[in-house]
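Asker: File my_file_31.csv follows (CSV, C-alpha atoms):
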```
chain,number,residue,atom,x,y,z
A,1,ASP,CA,70.2,170.9,121.8
A,2,ALA,CA,66.5,170.2,121.5
A,3,MET,CA,64.5,172.1,124.2
A,4,VAL,CA,61.0,170.8,123.5
A,5,ILE,CA,60.9,167.2,122.4
A,6,GLN,CA,57.9,165.4,121.0
A,7,ASN,CA,57.5,161.7,120.5
A,8,PRO,CA,56.7,160.1,118.3
A,9,ARG,CA,57.1,162.5,115.3
A,10,TYR,CA,54.6,160.4,113.3
A,11,GLN,CA,51.8,158.4,114.8
A,12,VAL,CA,49.3,156.2,113.0
A,13,THR,CA,46.3,154.9,114.8
A,14,GLN,CA,43.1,153.2,114.0
A,15,PHE,CA,39.7,154.8,114.3
A,16,GLY,CA,38.6,154.6,117.9
A,17,LYS,CA,41.9,153.2,119.2
A,18,PRO,CA,43.3,155.4,122.1
A,19,VAL,CA,46.6,157.1,121.4
A,20,THR,CA,49.0,159.0,123.6
A,21,LEU,CA,51.4,161.7,122.4
A,22,SER,CA,54.3,162.8,124.5
A,23,CYS,CA,56.1,166.1,125.1
A,24,SER,CA,59.1,166.8,127.2
A,25,GLN,CA,61.1,170.0,127.9
A,26,THR,CA,64.5,170.8,129.2
A,27,LEU,CA,63.7,174.4,129.9
A,28,ASN,CA,62.1,174.0,133.3
A,29,HIS,CA,59.2,176.2,132.1
A,30,ASN,CA,56.1,176.5,134.2
A,31,VAL,CA,53.7,176.4,131.3
A,32,MET,CA,53.1,173.7,128.7
A,33,TYR,CA,50.6,173.9,125.9
A,34,TRP,CA,49.0,171.5,123.4
A,35,TYR,CA,47.9,172.8,120.0
A,36,GLN,CA,46.1,171.1,117.2
A,37,GLN,CA,46.9,172.2,113.7
A,38,LYS,CA,44.9,170.8,110.8
A,39,SER,CA,46.1,171.1,107.2
A,40,SER,CA,46.5,174.7,106.0
A,41,GLN,CA,45.0,176.1,109.2
A,42,ALA,CA,46.4,178.0,112.1
A,43,PRO,CA,47.2,176.1,115.3
A,44,LYS,CA,44.4,175.9,117.8
A,45,LEU,CA,45.0,175.8,121.5
A,46,LEU,CA,43.5,172.7,123.2
A,47,PHE,CA,44.7,173.2,126.7
A,48,HIS,CA,47.6,174.3,128.9
A,49,TYR,CA,49.1,173.5,132.2
A,50,TYR,CA,50.5,176.1,134.5
A,51,ASP,CA,52.6,173.9,136.8
A,52,LYS,CA,50.0,171.3,137.8
A,53,ASP,CA,47.0,173.6,137.1
A,54,PHE,CA,45.1,172.3,134.1
A,55,ASN,CA,43.3,174.8,131.9
A,56,ASN,CA,41.0,173.5,129.2
A,57,GLU,CA,39.8,175.6,126.3
A,58,ALA,CA,36.0,175.8,126.2
A,59,ASP,CA,35.7,174.2,122.7
A,60,THR,CA,38.2,171.4,123.3
A,61,PRO,CA,36.3,168.1,122.8
A,62,ASP,CA,36.1,165.7,125.8
A,63,ASN,CA,37.9,163.1,123.7
A,64,PHE,CA,41.1,165.0,124.4
A,65,GLN,CA,42.7,164.7,127.8
A,66,SER,CA,46.1,165.7,129.2
A,67,ARG,CA,48.4,164.7,132.0
A,68,ARG,CA,51.4,166.4,133.4
A,69,PRO,CA,53.1,164.1,135.9
A,70,ASN,CA,56.0,166.4,136.5
A,71,THR,CA,57.5,169.7,135.2
A,72,SER,CA,59.3,168.1,132.3
A,73,PHE,CA,56.6,165.9,130.8
A,74,CYS,CA,53.2,166.5,129.4
A,75,PHE,CA,51.0,163.9,127.6
A,76,LEU,CA,48.1,164.3,125.2
A,77,ASP,CA,45.6,161.4,125.3
A,78,ILE,CA,43.0,161.0,122.6
A,79,ARG,CA,40.5,158.5,123.9
A,80,SER,CA,38.7,157.5,120.8
A,81,PRO,CA,40.3,159.1,117.7
A,82,GLY,CA,38.1,160.0,114.8
A,83,LEU,CA,39.1,160.7,111.3
A,84,GLY,CA,38.6,164.4,112.0
A,85,ASP,CA,41.4,164.2,114.7
A,86,ALA,CA,44.1,163.6,112.1
A,87,ALA,CA,46.3,166.7,112.5
A,88,MET,CA,49.7,167.9,113.6
A,89,TYR,CA,49.8,168.2,117.4
A,90,LEU,CA,52.2,170.8,118.7
A,91,CYS,CA,53.6,171.1,122.2
A,92,ALA,CA,54.9,174.4,123.4
A,93,THR,CA,56.3,175.8,126.7
A,94,SER,CA,56.7,179.2,128.2
A,95,ARG,CA,58.3,180.4,131.4
A,96,GLU,CA,55.3,182.2,132.8
A,97,LEU,CA,51.7,182.8,131.8
A,98,ALA,CA,51.3,186.5,131.3
A,99,GLY,CA,53.1,189.4,129.7
A,100,PHE,CA,55.5,189.9,126.9
A,101,GLY,CA,59.0,188.5,127.3
A,102,ASP,CA,57.6,185.0,127.7
A,103,THR,CA,58.0,183.6,124.2
A,104,GLN,CA,56.6,180.2,123.6
A,105,TYR,CA,59.0,177.5,122.5
A,106,PHE,CA,57.5,174.9,120.2
A,107,GLY,CA,58.3,171.3,119.7
A,108,PRO,CA,58.7,169.7,116.2
A,109,GLY,CA,55.1,168.3,116.4
A,110,THR,CA,53.6,164.9,116.1
A,111,ARG,CA,51.7,164.2,112.9
A,112,LEU,CA,48.7,161.9,113.7
A,113,THR,CA,47.1,159.8,111.0
A,114,VAL,CA,43.8,158.0,111.8
A,115,LEU,CA,42.9,155.1,109.6
B,116,LYS,CA,36.6,188.4,110.6
B,117,ASN,CA,39.8,186.9,112.0
B,118,GLU,CA,41.5,188.8,114.8
B,119,VAL,CA,44.8,188.3,113.0
B,120,GLU,CA,44.9,188.8,109.2
B,121,GLN,CA,48.0,188.1,107.1
B,122,SER,CA,48.7,189.0,103.5
B,123,PRO,CA,49.5,187.7,101.1
B,124,GLN,CA,48.3,184.1,101.7
B,125,ASN,CA,50.7,182.8,99.1
B,126,LEU,CA,53.9,184.4,97.8
B,127,THR,CA,56.3,183.2,95.2
B,128,ALA,CA,59.6,184.9,94.7
B,129,GLN,CA,62.8,184.5,92.8
B,130,GLU,CA,66.0,183.9,94.7
B,131,GLY,CA,67.5,187.2,95.8
B,132,GLU,CA,64.3,189.2,95.9
B,133,PHE,CA,63.2,191.3,98.9
B,134,ILE,CA,60.1,189.9,100.5
B,135,THR,CA,57.5,191.5,102.7
B,136,ILE,CA,54.7,189.7,104.6
B,137,ASN,CA,52.1,191.8,106.4
B,138,CYS,CA,50.1,191.2,109.6
B,139,SER,CA,47.2,193.2,110.9
B,140,TYR,CA,45.4,192.6,114.1
B,141,SER,CA,42.3,194.0,115.7
B,142,VAL,CA,42.8,193.4,119.4
B,143,GLY,CA,45.0,195.0,122.0
B,144,ILE,CA,48.2,193.0,122.4
B,145,SER,CA,51.2,192.8,124.7
B,146,ALA,CA,53.4,191.2,122.1
B,147,LEU,CA,53.5,189.8,118.5
B,148,HIS,CA,55.3,186.7,117.3
B,149,TRP,CA,56.6,185.9,113.9
B,150,LEU,CA,56.9,182.1,113.5
B,151,GLN,CA,58.2,179.9,110.7
B,152,GLN,CA,56.9,176.4,109.9
B,153,HIS,CA,58.6,174.2,107.4
B,154,PRO,CA,56.6,171.4,105.7
B,155,GLY,CA,55.9,168.6,108.1
B,156,GLY,CA,57.8,170.4,110.8
B,157,GLY,CA,57.3,172.1,114.0
B,158,ILE,CA,57.2,175.9,114.6
B,159,VAL,CA,60.2,178.0,115.1
B,160,SER,CA,59.9,181.4,116.8
B,161,LEU,CA,61.7,184.0,114.7
B,162,PHE,CA,60.8,187.2,116.6
B,163,MET,CA,58.8,188.4,119.5
B,164,LEU,CA,58.3,192.1,119.5
B,165,SER,CA,56.1,194.7,121.2
B,166,SER,CA,57.5,197.9,119.6
B,167,GLY,CA,59.9,199.1,116.9
B,168,LYS,CA,62.0,196.8,114.9
B,169,LYS,CA,64.2,193.7,115.3
B,170,LYS,CA,66.7,192.3,113.0
B,171,HIS,CA,68.3,188.8,112.8
B,172,GLY,CA,70.5,188.0,109.9
B,173,ARG,CA,68.4,188.6,106.7
B,174,LEU,CA,65.2,188.8,108.6
B,175,ILE,CA,63.7,192.1,109.8
B,176,ALA,CA,60.4,192.5,111.8
B,177,THR,CA,58.7,195.8,112.5
B,178,ILE,CA,55.6,196.6,114.4
B,179,ASN,CA,53.4,199.7,114.6
B,180,ILE,CA,51.2,199.4,117.7
B,181,GLN,CA,49.1,202.4,116.9
B,182,GLU,CA,48.2,201.1,113.5
B,183,LYS,CA,48.0,197.5,114.8
B,184,HIS,CA,50.3,196.3,112.0
B,185,SER,CA,53.5,194.3,111.7
B,186,SER,CA,55.7,193.3,108.8
B,187,LEU,CA,58.2,190.6,108.3
B,188,HIS,CA,60.9,191.3,105.7
B,189,ILE,CA,63.4,188.9,104.2
B,190,THR,CA,66.3,190.4,102.3
B,191,ALA,CA,68.2,188.4,99.6
B,192,SER,CA,65.7,185.6,99.8
B,193,HIS,CA,66.9,182.0,99.3
B,194,PRO,CA,65.1,178.8,98.5
B,195,ARG,CA,65.7,177.6,102.0
B,196,ASP,CA,63.5,180.4,103.2
B,197,SER,CA,60.5,178.6,101.7
B,198,ALA,CA,58.1,177.9,104.5
B,199,VAL,CA,54.9,179.1,106.1
B,200,TYR,CA,55.3,182.3,108.0
B,201,ILE,CA,52.8,182.8,110.8
B,202,CYS,CA,52.0,185.9,112.7
B,203,ALA,CA,50.6,185.4,116.2
B,204,VAL,CA,49.6,187.9,118.8
B,205,LEU,CA,49.6,187.7,122.6
B,206,ALA,CA,46.5,189.3,123.8
B,207,SER,CA,45.0,188.1,127.1
B,208,GLY,CA,47.1,185.9,129.5
B,209,SER,CA,49.3,183.6,127.6
B,210,ARG,CA,46.9,182.7,124.7
B,211,LEU,CA,48.4,183.2,121.3
B,212,THR,CA,46.0,184.1,118.5
B,213,PHE,CA,47.4,182.9,115.2
B,214,GLY,CA,47.0,184.2,111.7
B,215,GLU,CA,46.3,181.8,108.8
B,216,GLY,CA,49.9,181.9,107.7
B,217,THR,CA,51.7,183.0,104.5
B,218,GLN,CA,53.1,180.2,102.3
B,219,LEU,CA,56.4,181.5,100.8
B,220,THR,CA,58.1,179.7,97.9
B,221,VAL,CA,61.4,181.0,96.8
B,222,ASN,CA,62.5,179.6,93.5
B,223,PRO,CA,66.2,179.3,92.5
```
Here is a file; write its structure as structure tokens.
Answerer:
Amino acid sequence: DAMVIQNPRYQVTQFGKPVTLSCSQTLNHNVMYWYQQKSSQAPKLLFHYYDKDFNNEADTPDNFQSRRPNTSFCFLDIRSPGLGDAAMYLCATSRELAGFGDTQYFGPGTRLTVL
Amino acid sequence: KNEVEQSPQNLTAQEGEFITINCSYSVGISALHWLQQHPGGGIVSLFMLSSGKKKHGRLIATINIQEKHSSLHITASHPRDSAVYICAVLASGSRLTFGEGTQLTVNP
């Protein structure tokens, strides 16, 4: 059974047109993460939520926002997508923040294309 | 210099060969992950380890904390093992630092 679900798997948007990516989890984990992975590069952490506590990475552009309305769902909003935002967006969860023993569970990703 | 370095970047093998992918890191860590990513797919966690060795089927992962080095071995490789293998370390808090990945292709 899928534990971290991302919708849609493929998203096409136009330059400048807002887009929302969705992540849900059945694990009841406290922490949810959003990563951006460009072609042939390592994933880059954009931000994470610990419960309702939002933590933005220092170099995450303002164009990227996130919402976590409840434990199960987390959304990534891209306000005005540029061509450089085309990437795979990965959602992950973990039970707690710190220490080993808290593996991150990844979703299948959403591949975003910007036309 | 990246905090997490993997080698090789690309690896091509024949079915049945024994494969080793290496990971070196330069920071203190609490754990190290080996992850697998198929083309167009999400990431699957293969192992998380902080010492010694773990085995799951044909996959073996080892880590030497003193030398800041880990290896992922695949025995009796198969074309379905073709994927990108990523080493990621857990340093401070919950932030994973990823290596660039090793693209493995196993030919029949």
Asker: Compute the chain A side of the contact with chain B at 10 Å, counting all atoms listed in the file, and hand it back as a compact mmCIF listing (two decimals) with C-alpha atoms, in the coordinates of the input.
Answerer:
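For reference, selection.txt as written:
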```txt
# COMPACT_ATOMS: atom_id res chain seq x y z
CA GLN A 6 57.90 165.40 121.00
CA ARG A 9 57.10 162.50 115.30
CA TYR A 10 54.60 160.40 113.30
CA VAL A 31 53.70 176.40 131.30
CA TYR A 33 50.60 173.90 125.90
CA SER A 40 46.50 174.70 106.00
CA GLN A 41 45.00 176.10 109.20
CA ALA A 42 46.40 178.00 112.10
CA PRO A 43 47.20 176.10 115.30
CA LYS A 44 44.40 175.90 117.80
CA LEU A 45 45.00 175.80 121.50
CA PHE A 47 44.70 173.20 126.70
CA HIS A 48 47.60 174.30 128.90
CA MET A 88 49.70 167.90 113.60
CA TYR A 89 49.80 168.20 117.40
CA LEU A 90 52.20 170.80 118.70
CA CYS A 91 53.60 171.10 122.20
CA ALA A 92 54.90 174.40 123.40
CA SER A 94 56.70 179.20 128.20
CA GLU A 96 55.30 182.20 132.80
CA LEU A 97 51.70 182.80 131.80
CA ALA A 98 51.30 186.50 131.30
CA GLY A 99 53.10 189.40 129.70
CA PHE A 100 55.50 189.90 126.90
CA GLY A 101 59.00 188.50 127.30
CA ASP A 102 57.60 185.00 127.70
CA THR A 103 58.00 183.60 124.20
CA GLN A 104 56.60 180.20 123.60
CA TYR A 105 59.00 177.50 122.50
CA PHE A 106 57.50 174.90 120.20
CA GLY A 107 58.30 171.30 119.70
CA PRO A 108 58.70 169.70 116.20
CA GLY A 109 55.10 168.30 116.40
CA THR A 110 53.60 164.90 116.10
CA ARG A 111 51.70 164.20 112.90
```
Asker: With all atoms listed in the file as the basis for distance, which of A:Ser72, A:Asn56, A:Ser66, A:Gln36 is at the shortest distance from Gly84 in chain A?
Answerer: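 Among the listed residues, A:Gln36 lies closest to Gly84 in chain A.
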Asker: What is the CA of Arg79 in chain A to CA of Ser24 in chain A distance in Å?
Answerer: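 Computing it gives 20.6 Å between the two atoms.
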Asker: Counting all atoms listed in the file, select every polymer residue within 9 Å of (64.8, 185.2, 102.7) as defined in the file's coordinates, and provide the selection as a ChimeraX atom specification.
Answerer: /B:130-134,173-174,188-197,221
Asker: What's the separation between CA of Cys23 in chain A and CA of Asn117 in chain B, in Å to one decimal place?
Answerer: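 Calculated distance between CA of Cys23 in chain A and CA of Asn117 in chain B is 29.5 Å.
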Asker: Do you have the CA of Arg95 in chain A-CA of Gln121 in chain B distance handy?
Answerer: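 Result for CA of Arg95 in chain A versus CA of Gln121 in chain B: 27.5 Å, one decimal.
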Asker: Grab all the atoms of range 126-142 of chain B that the file lists, wrap them in a box along x, y and z, add 5 Å per side, and give me centre plus edge lengths in Å (one decimal) as JSON.
Answerer:
```
{"center_x": 54.9, "center_y": 188.6, "center_z": 106.1, "size_x": 35.2, "size_y": 20.8, "size_z": 36.6}
```
Asker: If we count all atoms listed in the file, what is near Gln11 in chain A at a cut-off of 9 Å, once residues fewer than 3 positions away on the same chain are taken out, given as a PyMOL selection string?
Answerer: chain A and resi 7-8+19+21+110-114
Asker: List the neighbours of Asn137 in chain B out to 10 Å using all atoms listed in the file; skip same-chain residues closer than 5 positions along the sequence, and give me the result as a PyMOL selection string.
Answerer: chain B and resi 120-124+176-178+184-188+202+217
Asker: If you keep C-alpha atoms, can you produce a file of those selected residues as a PDB file, in the frame of the given file?
Answerer:
```pdb
ATOM      1  CA  GLU B 120      44.900 188.800 109.200  1.00  0.00           C
ATOM      2  CA  GLN B 121      48.000 188.100 107.100  1.00  0.00           C
ATOM      3  CA  SER B 122      48.700 189.000 103.500  1.00  0.00           C
ATOM      4  CA  PRO B 123      49.500 187.700 101.100  1.00  0.00           C
ATOM      5  CA  GLN B 124      48.300 184.100 101.700  1.00  0.00           C
ATOM      6  CA  ALA B 176      60.400 192.500 111.800  1.00  0.00           C
ATOM      7  CA  THR B 177      58.700 195.800 112.500  1.00  0.00           C
ATOM      8  CA  ILE B 178      55.600 196.600 114.400  1.00  0.00           C
ATOM      9  CA  HIS B 184      50.300 196.300 112.000  1.00  0.00           C
ATOM     10  CA  SER B 185      53.500 194.300 111.700  1.00  0.00           C
ATOM     11  CA  SER B 186      55.700 193.300 108.800  1.00  0.00           C
ATOM     12  CA  LEU B 187      58.200 190.600 108.300  1.00  0.00           C
ATOM     13  CA  HIS B 188      60.900 191.300 105.700  1.00  0.00           C
ATOM     14  CA  CYS B 202      52.000 185.900 112.700  1.00  0.00           C
ATOM     15  CA  THR B 217      51.700 183.000 104.500  1.00  0.00           C
TER      16      THR B 217
END
```
Asker: How would you write as JSON, numbers by chain the residues that get within 7 Å of (49.9, 164.6, 126.7) in the file's frame, counting only C-alpha atoms?
Answerer: {"A": [20, 21, 22, 23, 66, 67, 74, 75, 76, 77]}
